[in-house]
$ cat model01.cif   # mmCIF, C-alpha atoms
data_structure
#
loop_
_atom_site.label_atom_id
_atom_site.label_comp_id
_atom_site.auth_asym_id
_atom_site.auth_seq_id
_atom_site.Cartn_x
_atom_site.Cartn_y
_atom_site.Cartn_z
CA MET A 1 -17.34 -9.06 5.55
CA ALA A 2 -19.50 -11.47 3.60
CA LEU A 3 -20.56 -10.58 0.08
CA LEU A 4 -24.32 -10.72 0.26
CA ALA A 5 -26.97 -8.97 -1.77
CA VAL A 6 -28.89 -6.60 0.49
CA ALA A 7 -32.22 -4.86 0.18
CA GLY A 8 -32.23 -1.44 -1.44
CA GLU A 9 -29.32 -2.21 -3.75
CA LYS A 10 -29.32 -2.40 -7.51
CA GLY A 11 -28.61 -5.66 -9.25
CA VAL A 12 -27.95 -7.27 -12.59
CA ILE A 13 -28.44 -10.88 -13.54
CA ASN A 14 -25.79 -13.50 -12.93
CA ASP A 15 -26.65 -16.18 -15.48
CA PRO A 16 -24.37 -17.95 -17.99
CA ASP A 17 -27.25 -17.98 -20.49
CA GLY A 18 -27.14 -14.20 -20.72
CA PHE A 19 -30.74 -13.72 -19.62
CA THR A 20 -33.11 -14.64 -16.77
CA ASN A 21 -36.87 -14.75 -16.68
CA LEU A 22 -38.82 -12.49 -14.35
CA ARG A 23 -41.85 -14.35 -13.02
CA ALA A 24 -45.25 -13.34 -11.71
CA GLY A 25 -44.70 -15.19 -8.42
CA PRO A 26 -41.91 -16.67 -6.27
CA SER A 27 -41.82 -19.98 -8.13
CA ALA A 28 -40.21 -21.48 -11.21
CA ASP A 29 -43.71 -22.50 -12.26
CA ALA A 30 -45.08 -18.94 -12.19
CA ALA A 31 -45.79 -17.17 -15.46
CA VAL A 32 -42.98 -15.27 -17.17
CA VAL A 33 -43.66 -11.53 -17.14
CA ALA A 34 -40.37 -10.32 -18.70
CA ARG A 35 -37.01 -11.46 -19.95
CA VAL A 36 -34.12 -9.69 -18.19
CA ASN A 37 -30.88 -9.50 -20.16
CA ALA A 38 -27.30 -9.22 -18.92
CA ASP A 39 -26.15 -5.73 -17.91
CA GLU A 40 -29.73 -4.54 -17.46
CA PRO A 41 -29.80 -2.96 -13.96
CA PHE A 42 -32.85 -3.35 -11.74
CA GLU A 43 -33.84 -2.83 -8.13
CA PHE A 44 -34.60 -5.73 -5.81
CA GLU A 45 -35.92 -6.42 -2.33
CA GLU A 46 -34.35 -9.24 -0.37
CA GLU A 47 -36.67 -11.81 1.19
CA PRO A 48 -34.77 -13.09 4.27
CA GLU A 49 -34.26 -16.86 4.23
CA LYS A 50 -36.23 -17.13 0.99
CA GLU A 51 -34.95 -18.11 -2.43
CA TRP A 52 -37.08 -15.70 -4.50
CA TRP A 53 -36.70 -11.92 -4.31
CA LYS A 54 -38.93 -9.16 -5.65
CA VAL A 55 -37.46 -7.26 -8.60
CA THR A 56 -38.45 -3.92 -10.17
CA LEU A 57 -37.18 -3.28 -13.70
CA ALA A 58 -36.26 0.15 -15.08
CA SER A 59 -39.54 0.04 -16.99
CA GLY A 60 -41.45 -0.19 -13.71
CA LYS A 61 -42.50 -3.79 -14.30
CA THR A 62 -42.23 -5.95 -11.17
CA GLY A 63 -41.89 -9.66 -10.61
CA TRP A 64 -39.87 -12.35 -8.87
CA MET A 65 -36.38 -13.66 -9.56
CA HIS A 66 -34.42 -16.47 -7.91
CA SER A 67 -31.78 -14.96 -5.61
CA SER A 68 -29.02 -17.06 -7.20
CA ARG A 69 -29.52 -15.09 -10.40
CA ILE A 70 -28.94 -11.71 -8.77
CA ARG A 71 -25.57 -9.99 -8.67
CA LEU A 72 -24.99 -6.64 -6.97
CA HIS A 73 -24.50 -3.76 -9.39
CA PHE A 74 -22.38 -0.67 -8.79
CA THR A 75 -21.01 2.12 -10.97
CA LEU A 76 -17.92 4.29 -10.68
CA ASP A 77 -20.17 7.30 -10.02
CA GLU A 78 -20.94 5.83 -6.59
CA ILE A 79 -17.34 6.44 -5.46
CA PRO A 80 -16.62 10.17 -4.89
CA GLU A 81 -13.64 11.55 -6.75
CA LYS A 82 -11.94 12.89 -3.61
CA ASP A 83 -12.16 12.36 0.13
CA GLU A 84 -14.44 14.62 2.14
CA GLU A 85 -13.31 16.50 5.25
CA GLY A 86 -14.06 14.62 8.44
CA CYS A 87 -14.50 11.24 6.74
CA GLU A 88 -12.78 8.69 9.00
CA VAL A 89 -11.59 6.41 6.23
CA GLY A 90 -10.37 9.50 4.39
CA GLU A 91 -8.46 10.61 7.49
CA TYR A 92 -7.02 7.11 7.77
CA ALA A 93 -5.71 7.33 4.19
CA LYS A 94 -4.47 10.91 4.57
CA ALA A 95 -2.32 9.87 7.54
CA ARG A 96 -0.70 7.30 5.24
CA GLY A 97 -0.14 9.66 2.35
CA PHE A 98 -2.92 8.87 -0.10
CA ASP A 99 -6.49 9.86 -0.98
CA TYR A 100 -8.87 6.99 -0.23
CA ASN A 101 -11.59 7.67 -2.81
CA ALA A 102 -9.18 8.56 -5.60
CA THR A 103 -7.33 5.31 -4.91
CA ALA A 104 -10.56 3.31 -4.79
CA ARG A 105 -11.69 4.71 -8.15
CA ALA A 106 -8.33 3.93 -9.75
CA ALA A 107 -8.40 0.41 -8.30
CA ALA A 108 -11.91 -0.14 -9.68
CA LYS A 109 -10.55 0.84 -13.11
CA GLY A 110 -7.83 -1.79 -12.78
CA GLU A 111 -4.81 0.49 -12.36
CA PRO A 112 -2.09 -1.81 -10.88
CA ALA A 113 -0.45 0.61 -8.42
CA ALA A 114 -3.83 1.69 -7.05
CA MET A 115 -4.98 -1.92 -6.73
CA LYS A 116 -1.84 -2.78 -4.79
CA ARG A 117 -2.43 0.10 -2.38
CA TYR A 118 -6.19 -0.31 -2.06
CA PHE A 119 -6.41 -4.08 -1.59
CA GLY A 120 -3.48 -3.87 0.82
CA ILE A 121 -5.55 -1.92 3.37
CA ASN A 122 -5.83 -4.26 6.35
CA ASP A 123 -5.78 -2.19 9.54
CA THR A 124 -8.85 0.06 9.59
CA ASP A 125 -11.17 0.01 12.58
CA GLY A 126 -14.41 1.60 13.80
CA ALA A 127 -16.24 3.82 11.32
CA ALA A 128 -13.28 3.72 8.94
CA SER A 129 -13.55 -0.07 8.79
CA GLU A 130 -17.29 0.06 8.06
CA SER A 131 -16.79 2.58 5.26
CA HIS A 132 -13.94 0.57 3.79
CA SER A 133 -16.01 -2.64 3.81
CA TYR A 134 -18.81 -1.02 1.83
CA CYS A 135 -16.45 0.63 -0.65
CA PHE A 136 -14.42 -2.58 -0.99
CA ASN A 137 -17.61 -4.35 -2.06
CA THR A 138 -18.27 -1.60 -4.61
CA VAL A 139 -14.73 -1.70 -6.02
CA ILE A 140 -14.54 -5.46 -6.57
CA HIS A 141 -17.93 -5.56 -8.31
CA ILE A 142 -16.90 -2.79 -10.71
CA LEU A 143 -13.49 -4.39 -11.26
CA GLY A 144 -14.91 -7.86 -11.89
CA ASP A 145 -13.74 -11.39 -11.23
CA ASP A 146 -11.25 -11.74 -14.10
CA LYS A 147 -9.20 -8.66 -13.21
CA LEU A 148 -9.36 -9.28 -9.47
CA ALA A 149 -8.23 -12.90 -9.77
CA ALA A 150 -5.41 -12.01 -12.20
CA PHE A 151 -4.13 -9.35 -9.79
CA LEU A 152 -4.33 -11.51 -6.66
CA SER A 153 -2.59 -14.43 -8.35
CA GLN A 154 0.55 -12.28 -8.44
CA GLN A 155 0.41 -11.32 -4.74
CA PRO A 156 1.99 -13.08 -1.74
CA LEU A 157 -0.12 -15.34 0.45
CA ASP A 158 -0.48 -12.97 3.41
CA TYR A 159 -1.76 -10.26 1.07
CA ARG A 160 -4.34 -12.62 -0.45
CA LEU A 161 -5.51 -13.71 3.00
CA ASP A 162 -6.11 -10.09 3.99
CA VAL A 163 -8.27 -9.68 0.89
CA ARG A 164 -10.13 -12.88 1.77
CA HIS A 165 -10.86 -11.45 5.21
CA HIS A 166 -12.60 -8.46 3.62
CA MET A 167 -14.30 -10.46 0.92
CA GLY A 168 -15.70 -13.28 3.02
CA GLY A 169 -17.01 -16.43 1.40
CA GLY A 170 -20.22 -18.33 0.86
CA GLU A 171 -22.31 -19.16 -2.17
CA TYR A 172 -22.60 -15.57 -3.39
CA ALA A 173 -18.84 -15.06 -3.53
CA GLU A 174 -18.29 -18.43 -5.24
CA ARG A 175 -21.01 -17.71 -7.80
CA THR A 176 -20.09 -14.09 -8.54
CA PHE A 177 -16.29 -14.32 -8.24
CA PRO A 178 -15.53 -17.95 -9.15
CA LYS A 179 -11.90 -17.42 -10.23
CA THR A 180 -11.10 -15.30 -7.19
CA ALA A 181 -12.84 -17.73 -4.85
CA LYS A 182 -10.87 -20.65 -6.31
CA LEU A 183 -7.67 -18.74 -5.58
CA LEU A 184 -8.62 -17.70 -2.04
CA PHE A 185 -10.32 -20.89 -0.87
CA GLN A 186 -8.13 -23.95 -1.41
CA LYS A 187 -8.24 -27.34 0.23
CA GLU A 188 -4.51 -27.83 -0.31
CA LEU A 189 -1.91 -25.11 -0.26
CA VAL A 190 1.82 -25.10 -1.00
CA ASP A 191 3.54 -21.85 -0.08
CA TRP A 192 6.02 -20.25 2.35
CA PRO A 193 9.16 -21.09 0.31
CA SER A 194 12.51 -21.08 2.06
CA PRO A 195 14.93 -18.29 1.03
CA ASP A 196 17.25 -20.79 -0.70
CA GLY A 197 14.34 -22.17 -2.75
CA ARG A 198 14.80 -25.76 -1.53
CA TYR A 199 11.79 -26.12 0.73
CA ALA A 200 8.17 -25.08 1.11
CA ILE A 201 5.29 -25.82 3.48
CA ARG A 202 2.30 -27.86 2.36
CA LYS A 203 -0.99 -27.70 4.25
CA VAL A 204 -4.17 -29.69 3.69
CA PHE A 205 -7.43 -28.39 5.13
CA SER A 206 -10.64 -30.19 6.04
CA ASP A 207 -12.59 -27.99 3.60
CA ALA A 208 -11.82 -25.55 0.83
CA GLN A 209 -14.26 -23.01 2.24
CA VAL A 210 -13.42 -21.26 5.48
CA ASP A 211 -15.78 -21.46 8.44
CA HIS A 212 -15.35 -22.00 12.18
CA THR A 213 -14.97 -25.77 11.71
CA SER A 214 -12.41 -25.67 8.90
CA LYS A 215 -9.01 -26.77 10.17
CA VAL A 216 -5.58 -28.09 9.20
CA VAL A 217 -5.55 -31.88 8.80
CA ARG A 218 -1.97 -32.15 7.55
CA ALA A 219 1.04 -29.84 7.56
CA GLU A 220 4.53 -30.75 6.36
CA VAL A 221 7.82 -29.47 4.99
CA ILE A 222 8.41 -30.58 1.42
CA GLU A 223 11.28 -30.46 -1.04
CA LYS A 224 10.14 -28.10 -3.76
CA ALA A 225 11.94 -29.95 -6.52
CA THR A 226 10.39 -33.33 -5.78
CA GLY A 227 7.33 -32.58 -3.65
CA LYS A 228 8.61 -35.15 -1.14
CA ALA A 229 7.58 -34.60 2.48
CA ILE A 230 10.61 -34.47 4.78
CA ALA A 231 9.05 -33.31 8.08
CA ASP A 232 5.59 -33.65 9.61
CA LEU A 233 4.33 -30.49 11.31
CA THR A 234 0.72 -31.57 11.86
CA ASP A 235 0.90 -32.04 15.62
CA ALA A 236 2.13 -28.48 16.09
CA ASP A 237 -0.49 -26.89 13.82
CA ILE A 238 -3.61 -25.70 15.64
CA GLY A 239 -4.83 -23.63 12.70
CA LYS A 240 -8.61 -23.35 12.49
CA GLY A 241 -11.26 -21.11 10.94
CA ALA A 242 -10.15 -17.79 9.47
CA TRP A 243 -6.74 -18.35 11.12
CA ARG A 244 -6.16 -21.74 9.58
CA GLU A 245 -3.30 -20.84 7.21
CA GLY A 246 -1.12 -19.30 9.93
CA ARG A 247 2.32 -17.94 9.06
CA VAL A 248 5.83 -19.26 8.46
CA LEU A 249 8.88 -17.08 9.00
CA TRP A 250 12.10 -18.56 7.61
CA SER A 251 15.56 -17.60 8.86
CA PRO A 252 17.73 -15.94 6.16
CA ASP A 253 19.91 -19.05 5.80
CA SER A 254 16.93 -21.45 5.51
CA LYS A 255 18.19 -23.45 8.51
CA ARG A 256 15.24 -22.62 10.78
CA PHE A 257 11.67 -21.41 10.56
CA ALA A 258 9.14 -20.05 13.04
CA PHE A 259 5.83 -21.86 12.58
CA PHE A 260 2.83 -19.80 13.76
CA SER A 261 -0.69 -21.20 13.98
CA GLY A 262 -3.89 -20.40 15.84
CA ALA A 263 -7.64 -20.84 16.05
CA GLN A 264 -8.47 -17.37 17.36
CA ALA A 265 -6.77 -14.36 18.92
CA SER A 266 -6.36 -16.16 22.24
CA THR A 267 -4.67 -19.28 20.91
CA GLY A 268 -1.86 -18.12 18.66
CA SER A 269 1.36 -20.05 19.24
CA THR A 270 4.81 -20.27 17.65
CA VAL A 271 6.96 -23.38 17.29
CA VAL A 272 10.49 -23.24 15.87
CA TYR A 273 11.93 -25.98 13.68
CA GLU A 274 15.57 -26.37 12.68
CA ASP A 275 17.49 -28.37 10.11
CA ASP A 276 19.41 -31.27 11.66
CA GLY A 277 20.96 -32.33 8.35
CA LYS A 278 18.26 -34.86 7.44
CA THR A 279 14.97 -33.29 8.39
CA PHE A 280 13.51 -30.40 10.39
CA THR A 281 13.00 -31.09 14.08
CA ARG A 282 11.32 -29.05 16.76
CA ALA A 283 13.71 -26.76 18.61
CA LYS A 284 13.44 -26.51 22.36
CA LEU A 285 12.93 -22.91 23.37
CA PRO A 286 14.21 -21.89 26.81
CA GLU A 287 11.90 -20.72 29.55
CA VAL A 288 11.53 -16.96 29.64
CA LYS A 289 11.45 -14.88 32.80
CA PHE A 290 9.34 -11.77 32.27
CA PRO A 291 10.89 -8.70 33.91
CA GLY A 292 8.83 -6.70 36.36
CA ARG A 293 6.00 -9.19 36.58
CA ASP A 294 6.45 -9.83 40.30
CA THR A 295 6.22 -6.11 41.06
CA ASP A 296 3.44 -5.25 38.60
CA ALA A 297 0.64 -3.91 40.82
CA GLU A 298 -2.07 -4.53 38.23
CA LEU A 299 -1.20 -8.19 38.09
CA LYS A 300 -1.43 -8.75 41.84
CA ASN A 301 -4.17 -11.34 42.46
CA ALA A 302 -4.92 -11.40 38.72
CA LYS A 303 -5.64 -14.69 36.97
CA HIS A 304 -3.70 -15.49 33.81
CA GLU A 305 -6.31 -16.07 31.08
CA TRP A 306 -4.29 -16.81 27.96
CA ALA A 307 -1.09 -16.14 26.03
CA TYR A 308 -0.51 -15.47 22.37
CA VAL A 309 2.97 -15.75 20.82
CA GLU A 310 3.83 -14.67 17.27
CA PRO A 311 7.11 -14.34 15.37
CA LEU A 312 8.22 -10.83 14.46
CA ARG A 313 11.53 -11.15 12.64
CA TRP A 314 14.90 -12.87 12.36
CA GLU A 315 17.55 -10.36 13.37
CA ARG A 316 20.21 -12.84 12.24
CA PRO A 317 20.03 -16.45 11.01
CA ASP A 318 20.31 -17.62 14.61
CA VAL A 319 18.46 -14.82 16.43
CA LEU A 320 14.65 -14.73 16.45
CA VAL A 321 12.44 -12.00 17.91
CA LEU A 322 8.99 -13.01 19.17
CA SER A 323 6.06 -11.01 20.47
CA HIS A 324 4.50 -12.58 23.57
CA HIS A 325 1.03 -11.30 24.55
CA ASP A 326 -0.30 -12.15 28.03
CA TYR A 327 -3.83 -11.46 29.21
CA PHE A 328 -4.97 -11.41 32.83
CA ARG A 329 -8.26 -10.83 34.64
CA SER A 330 -8.87 -9.54 38.14
CA LYS A 331 -11.67 -7.82 40.06
CA HIS A 332 -11.95 -4.27 41.31
CA ASP A 333 -13.00 -3.64 44.91
CA ASP A 334 -16.59 -3.19 43.73
CA GLY A 335 -16.54 -6.64 42.13
CA SER A 336 -16.35 -5.47 38.51
CA LEU A 337 -13.92 -7.26 36.21
CA HIS A 338 -10.59 -5.74 35.26
CA ASP A 339 -8.77 -7.02 32.16
CA VAL A 340 -5.04 -6.43 31.88
CA GLY A 341 -2.78 -7.12 28.90
CA ARG A 342 0.98 -7.14 28.61
CA THR A 343 3.10 -7.57 25.50
CA TYR A 344 6.74 -8.61 25.73
CA GLU A 345 9.31 -8.60 22.94
CA ILE A 346 11.55 -11.63 23.41
CA THR A 347 14.85 -12.32 21.67
CA HIS A 348 16.00 -15.95 21.30
CA ASP A 349 19.65 -16.61 20.50
CA PHE A 350 19.96 -20.17 19.21
CA THR A 351 23.76 -20.17 19.46
CA LYS A 352 23.43 -19.76 23.22
CA ARG A 353 20.24 -21.82 23.50
CA GLU A 354 18.71 -19.18 25.71
CA ALA A 355 16.40 -16.20 25.64
CA THR A 356 18.50 -13.13 26.20
CA ALA A 357 17.71 -10.37 28.67
CA LYS A 358 16.48 -8.19 25.81
CA VAL A 359 12.85 -8.43 26.86
CA ARG A 360 10.76 -5.30 26.38
CA ARG A 361 7.30 -4.80 27.85
CA PHE A 362 4.51 -2.93 26.09
CA ASP A 363 1.29 -2.34 28.03
CA GLU A 364 -1.84 -3.29 26.13
#
$ encode --input "model01.cif" --output "structure tokens"
Amino acid sequence: MALLAVAGEKGVINDPDGFTNLRAGPSADAAVVARVNADEPFEFEEEPEKEWWKVTLASGKTGWMHSSRIRLHFTLDEIPEKDEEGCEVGEYAKARGFDYNATARAAAKGEPAAMKRYFGINDTDGAASESHSYCFNTVIHILGDDKLAAFLSQQPLDYRLDVRHHMGGGEYAERTFPKTAKLLFQKELVDWPSPDGRYAIRKVFSDAQVDHTSKVVRAEVIEKATGKAIADLTDADIGKGAWREGRVLWSPDSKRFAFFSGAQASTGSTVVYEDDGKTFTRAKLPEVKFPGRDTDAELKNAKHEWAYVEPLRWERPDVLVLSHHDYFRSKHDDGSLHDVGRTYEITHDFTKREATAKVRRFDE
């Protein structure tokens, strides 16, 4: 979701001077018809691909205002106190033991527990996802940049990235939520500390903002105490776009880590590195034989399209569980395409240097 002002919404000014002039026409040279002060709500009409938008003040006076001076305006009254029957996002929340609207209202007021629950929502879909996106926009505008940034600064990276996914980026987000944007959009990032506190991962991106061209230009293991780079991970990092940060899953003893990166859902891959006493080197993972594949009727004559491998957990310091997603495509007798997915849970035992027979298949 991108934070953009849309037609039919109410706005307030976003100007460090505390006021903005309303003009008779869509130009900085047009006559001033009114002075609009901070916290003075008005209605506006977006002019697509134009810099000046038509504004109607509470007094009824109309004029033009530069779009960069307009910030969306919401009030707590716009969030119902309780969920309504049949509301999909409400049903989503009910299944997880909370009331969506009550939580959203509390989060908008800055209540810590409610903020943790609300901004942690990351798995809605369909109508529930659409409702959540709109309400999310409402909540963060009521909450404000200072409170949102202060809260997110205390959250782990994966949590912040989920919030970034909902918030989107662009000029509006940077202008309206500058502190939050600075936290969520960084050109260099040091995170993913090892359990023993000795190491971390440093990544440098081509741009601070995230778009489809933004990618990892350097990735490395560093000593936290000195900042010294001790292993170069750049060649293994295919992170790009919204996926650019990836994930790092350390073993409990800090001797190994699973390094996940991707550019989209079809290109996620996992590389494992292990401590050789001086640096971290890439571990060679054994070839895996997928049970039942030869006798899977749906896969007969199907073409393998792509695979996606992500780390799930370390069962022990030397035992890693991965999720391996395979996607195939074939044709029905009538010529229509048939997509087939299979997910396998793979267990790697590094003491034996082999993938064990504990491979479980989950149909997509």
$ closest_residue --input "model01.cif" --among "A:Pro41, A:Gly86, A:Pro291, A:Gly246" --to "Val12 of chain A" --atoms "only C-alpha atoms"
A:Pro41
$ residues_around --input "model01.cif" --residues "Arg69 of chain A" --least-positions-apart "5" --cutoff "10 Å" --atoms "only C-alpha atoms" --output "PyMOL selection string"
chain A and resi 11-16+19-21+52-53+172+175-176
$ closest_residue --input "model01.cif" --among "A:Glu9, A:Asp276, A:Asp191, A:Glu45" --to "Val221 of chain A" --atoms "all atoms listed in the file"
A:Asp191
$ closest_residue --input "model01.cif" --among "A:Leu249, A:Ile222, A:Ala106, A:Val55" --to "Trp314 of chain A" --atoms "all atoms listed in the file"
A:Leu249
$ residues_around --input "model01.cif" --residues "Lys224 of chain A" --least-positions-apart "5" --cutoff "12 Å" --atoms "all atoms listed in the file" --output "mmCIF file with C-alpha atoms, in the frame of the given file"
data_model
loop_
_atom_site.group_PDB
_atom_site.id
_atom_site.type_symbol
_atom_site.label_atom_id
_atom_site.label_comp_id
_atom_site.auth_asym_id
_atom_site.auth_seq_id
_atom_site.Cartn_x
_atom_site.Cartn_y
_atom_site.Cartn_z
ATOM 1 C CA VAL A 190 1.820 -25.100 -1.000
ATOM 2 C CA ASP A 191 3.540 -21.850 -0.080
ATOM 3 C CA TRP A 192 6.020 -20.250 2.350
ATOM 4 C CA PRO A 193 9.160 -21.090 0.310
ATOM 5 C CA SER A 194 12.510 -21.080 2.060
ATOM 6 C CA PRO A 195 14.930 -18.290 1.030
ATOM 7 C CA ASP A 196 17.250 -20.790 -0.700
ATOM 8 C CA GLY A 197 14.340 -22.170 -2.750
ATOM 9 C CA ARG A 198 14.800 -25.760 -1.530
ATOM 10 C CA TYR A 199 11.790 -26.120 0.730
ATOM 11 C CA ALA A 200 8.170 -25.080 1.110
ATOM 12 C CA ILE A 201 5.290 -25.820 3.480
ATOM 13 C CA ARG A 202 2.300 -27.860 2.360
ATOM 14 C CA ALA A 229 7.580 -34.600 2.480
ATOM 15 C CA ILE A 230 10.610 -34.470 4.780
#
$ resolve_selection --input "model01.cif" --expression "the PyMOL selection byres ((chain A and resi 73) around 10)" --output "list in words"
Ala5, Glu9, Lys10, Gly11, Val12, Ile13, Asp39, Glu40, Pro41, Phe42, Glu43, Ile70, Arg71, Leu72, Phe74, Thr75, Thr138, His141 and Ile142 of chain A
$ residues_near_point --input "model01.cif" --point "(-42.2, -11.4, -12.6)" --cutoff "10 Å" --atoms "all atoms listed in the file" --output "list in words"
Asn21, Leu22, Arg23, Ala24, Gly25, Pro26, Ser27, Ala30, Ala31, Val32, Val33, Ala34, Arg35, Val36, Trp53, Lys54, Val55, Thr56, Leu57, Lys61, Thr62, Gly63, Trp64 and Met65 of chain A
$ resolve_selection --input "model01.cif" --expression "the PyMOL selection byres ((chain A and resi 300-308) around 7)" --output "mmCIF file with C-alpha atoms, keeping the file's coordinate frame"
data_model
loop_
_atom_site.group_PDB
_atom_site.id
_atom_site.type_symbol
_atom_site.label_atom_id
_atom_site.label_comp_id
_atom_site.auth_asym_id
_atom_site.auth_seq_id
_atom_site.Cartn_x
_atom_site.Cartn_y
_atom_site.Cartn_z
ATOM 1 C CA SER A 266 -6.360 -16.160 22.240
ATOM 2 C CA THR A 267 -4.670 -19.280 20.910
ATOM 3 C CA GLY A 268 -1.860 -18.120 18.660
ATOM 4 C CA SER A 269 1.360 -20.050 19.240
ATOM 5 C CA ASP A 296 3.440 -5.250 38.600
ATOM 6 C CA ALA A 297 0.640 -3.910 40.820
ATOM 7 C CA GLU A 298 -2.070 -4.530 38.230
ATOM 8 C CA LEU A 299 -1.200 -8.190 38.090
ATOM 9 C CA VAL A 309 2.970 -15.750 20.820
ATOM 10 C CA GLU A 310 3.830 -14.670 17.270
ATOM 11 C CA HIS A 324 4.500 -12.580 23.570
ATOM 12 C CA HIS A 325 1.030 -11.300 24.550
ATOM 13 C CA ASP A 326 -0.300 -12.150 28.030
ATOM 14 C CA TYR A 327 -3.830 -11.460 29.210
ATOM 15 C CA PHE A 328 -4.970 -11.410 32.830
ATOM 16 C CA ARG A 329 -8.260 -10.830 34.640
ATOM 17 C CA SER A 330 -8.870 -9.540 38.140
#
$ residues_around --input "model01.cif" --residues "Gly239 of chain A" --least-positions-apart "3" --cutoff "9 Å" --atoms "all atoms listed in the file" --output "VMD selection string"
chain A and resid 214 to 216 242 to 246 260 to 264 268
$ atom_distance --input "model01.cif" --atom1 "atom CA of Thr213 of chain A" --atom2 "atom CA of Gln186 of chain A"
14.9 Å
$ atom_distance --input "model01.cif" --atom1 "atom CA of Tyr118 of chain A" --atom2 "atom CA of Tyr159 of chain A"
11.3 Å
$ closest_residue --input "model01.cif" --among "A:Asp145, A:Asp349, A:Glu287, A:Glu171" --to "Leu183 of chain A" --atoms "only C-alpha atoms"
A:Asp145
$ atom_distance --input "model01.cif" --atom1 "atom CA of Ala114 of chain A" --atom2 "atom CA of Gly169 of chain A"
23.9 Å
$ closest_residue --input "model01.cif" --among "A:Asn122, A:Thr279, A:Thr343, A:Ser133" --to "Leu161 of chain A" --atoms "all atoms listed in the file"
A:Asn122
$ closest_residue --input "model01.cif" --among "A:Thr226, A:Gln209, A:Ser129, A:Ser59" --to "Glu91 of chain A" --atoms "all atoms listed in the file"
A:Ser129
$ resolve_selection --input "model01.cif" --expression "the PyMOL selection byres ((chain A and resi 232) around 8)" --output "count of residues only"
10
$ decode --input "model01.cif" --residues "segment 331-344 of chain A" --atoms "N, CA and C atoms" --output "PDB file, in the first residue's frame"
ATOM      1  N   LYS A 331      -0.173 -29.128 -19.093  1.00  0.00           N
ATOM      2  CA  LYS A 331      -1.381 -28.793 -19.844  1.00  0.00           C
ATOM      3  C   LYS A 331      -2.416 -29.905 -19.683  1.00  0.00           C
ATOM      4  N   HIS A 332      -3.675 -29.473 -19.549  1.00  0.00           N
ATOM      5  CA  HIS A 332      -4.774 -30.429 -19.557  1.00  0.00           C
ATOM      6  C   HIS A 332      -4.975 -30.937 -20.988  1.00  0.00           C
ATOM      7  N   ASP A 333      -5.824 -31.943 -21.125  1.00  0.00           N
ATOM      8  CA  ASP A 333      -6.096 -32.502 -22.447  1.00  0.00           C
ATOM      9  C   ASP A 333      -6.686 -31.463 -23.398  1.00  0.00           C
ATOM     10  N   ASP A 334      -7.409 -30.476 -22.840  1.00  0.00           N
ATOM     11  CA  ASP A 334      -8.010 -29.455 -23.694  1.00  0.00           C
ATOM     12  C   ASP A 334      -7.042 -28.315 -24.014  1.00  0.00           C
ATOM     13  N   GLY A 335      -5.801 -28.440 -23.543  1.00  0.00           N
ATOM     14  CA  GLY A 335      -4.788 -27.444 -23.845  1.00  0.00           C
ATOM     15  C   GLY A 335      -4.639 -26.350 -22.814  1.00  0.00           C
ATOM     16  N   SER A 336      -5.548 -26.293 -21.827  1.00  0.00           N
ATOM     17  CA  SER A 336      -5.449 -25.268 -20.787  1.00  0.00           C
ATOM     18  C   SER A 336      -4.297 -25.589 -19.837  1.00  0.00           C
ATOM     19  N   LEU A 337      -3.728 -24.553 -19.250  1.00  0.00           N
ATOM     20  CA  LEU A 337      -2.575 -24.713 -18.373  1.00  0.00           C
ATOM     21  C   LEU A 337      -2.987 -25.227 -17.002  1.00  0.00           C
ATOM     22  N   HIS A 338      -2.125 -26.010 -16.415  1.00  0.00           N
ATOM     23  CA  HIS A 338      -2.364 -26.574 -15.089  1.00  0.00           C
ATOM     24  C   HIS A 338      -1.122 -26.333 -14.233  1.00  0.00           C
ATOM     25  N   ASP A 339      -1.266 -25.491 -13.203  1.00  0.00           N
ATOM     26  CA  ASP A 339      -0.153 -25.190 -12.307  1.00  0.00           C
ATOM     27  C   ASP A 339      -0.214 -26.085 -11.076  1.00  0.00           C
ATOM     28  N   VAL A 340       0.928 -26.625 -10.710  1.00  0.00           N
ATOM     29  CA  VAL A 340       1.014 -27.542  -9.577  1.00  0.00           C
ATOM     30  C   VAL A 340       2.140 -27.085  -8.652  1.00  0.00           C
ATOM     31  N   GLY A 341       1.870 -27.052  -7.351  1.00  0.00           N
ATOM     32  CA  GLY A 341       2.890 -26.682  -6.378  1.00  0.00           C
ATOM     33  C   GLY A 341       3.085 -27.780  -5.350  1.00  0.00           C
ATOM     34  N   ARG A 342       4.308 -27.948  -4.926  1.00  0.00           N
ATOM     35  CA  ARG A 342       4.624 -28.896  -3.863  1.00  0.00           C
ATOM     36  C   ARG A 342       5.575 -28.226  -2.875  1.00  0.00           C
ATOM     37  N   THR A 343       5.327 -28.435  -1.606  1.00  0.00           N
ATOM     38  CA  THR A 343       6.209 -27.911  -0.569  1.00  0.00           C
ATOM     39  C   THR A 343       6.758 -29.064   0.255  1.00  0.00           C
ATOM     40  N   TYR A 344       8.071 -29.088   0.395  1.00  0.00           N
ATOM     41  CA  TYR A 344       8.743 -30.155   1.138  1.00  0.00           C
ATOM     42  C   TYR A 344       9.461 -29.549   2.340  1.00  0.00           C
TER      43      TYR A 344
END
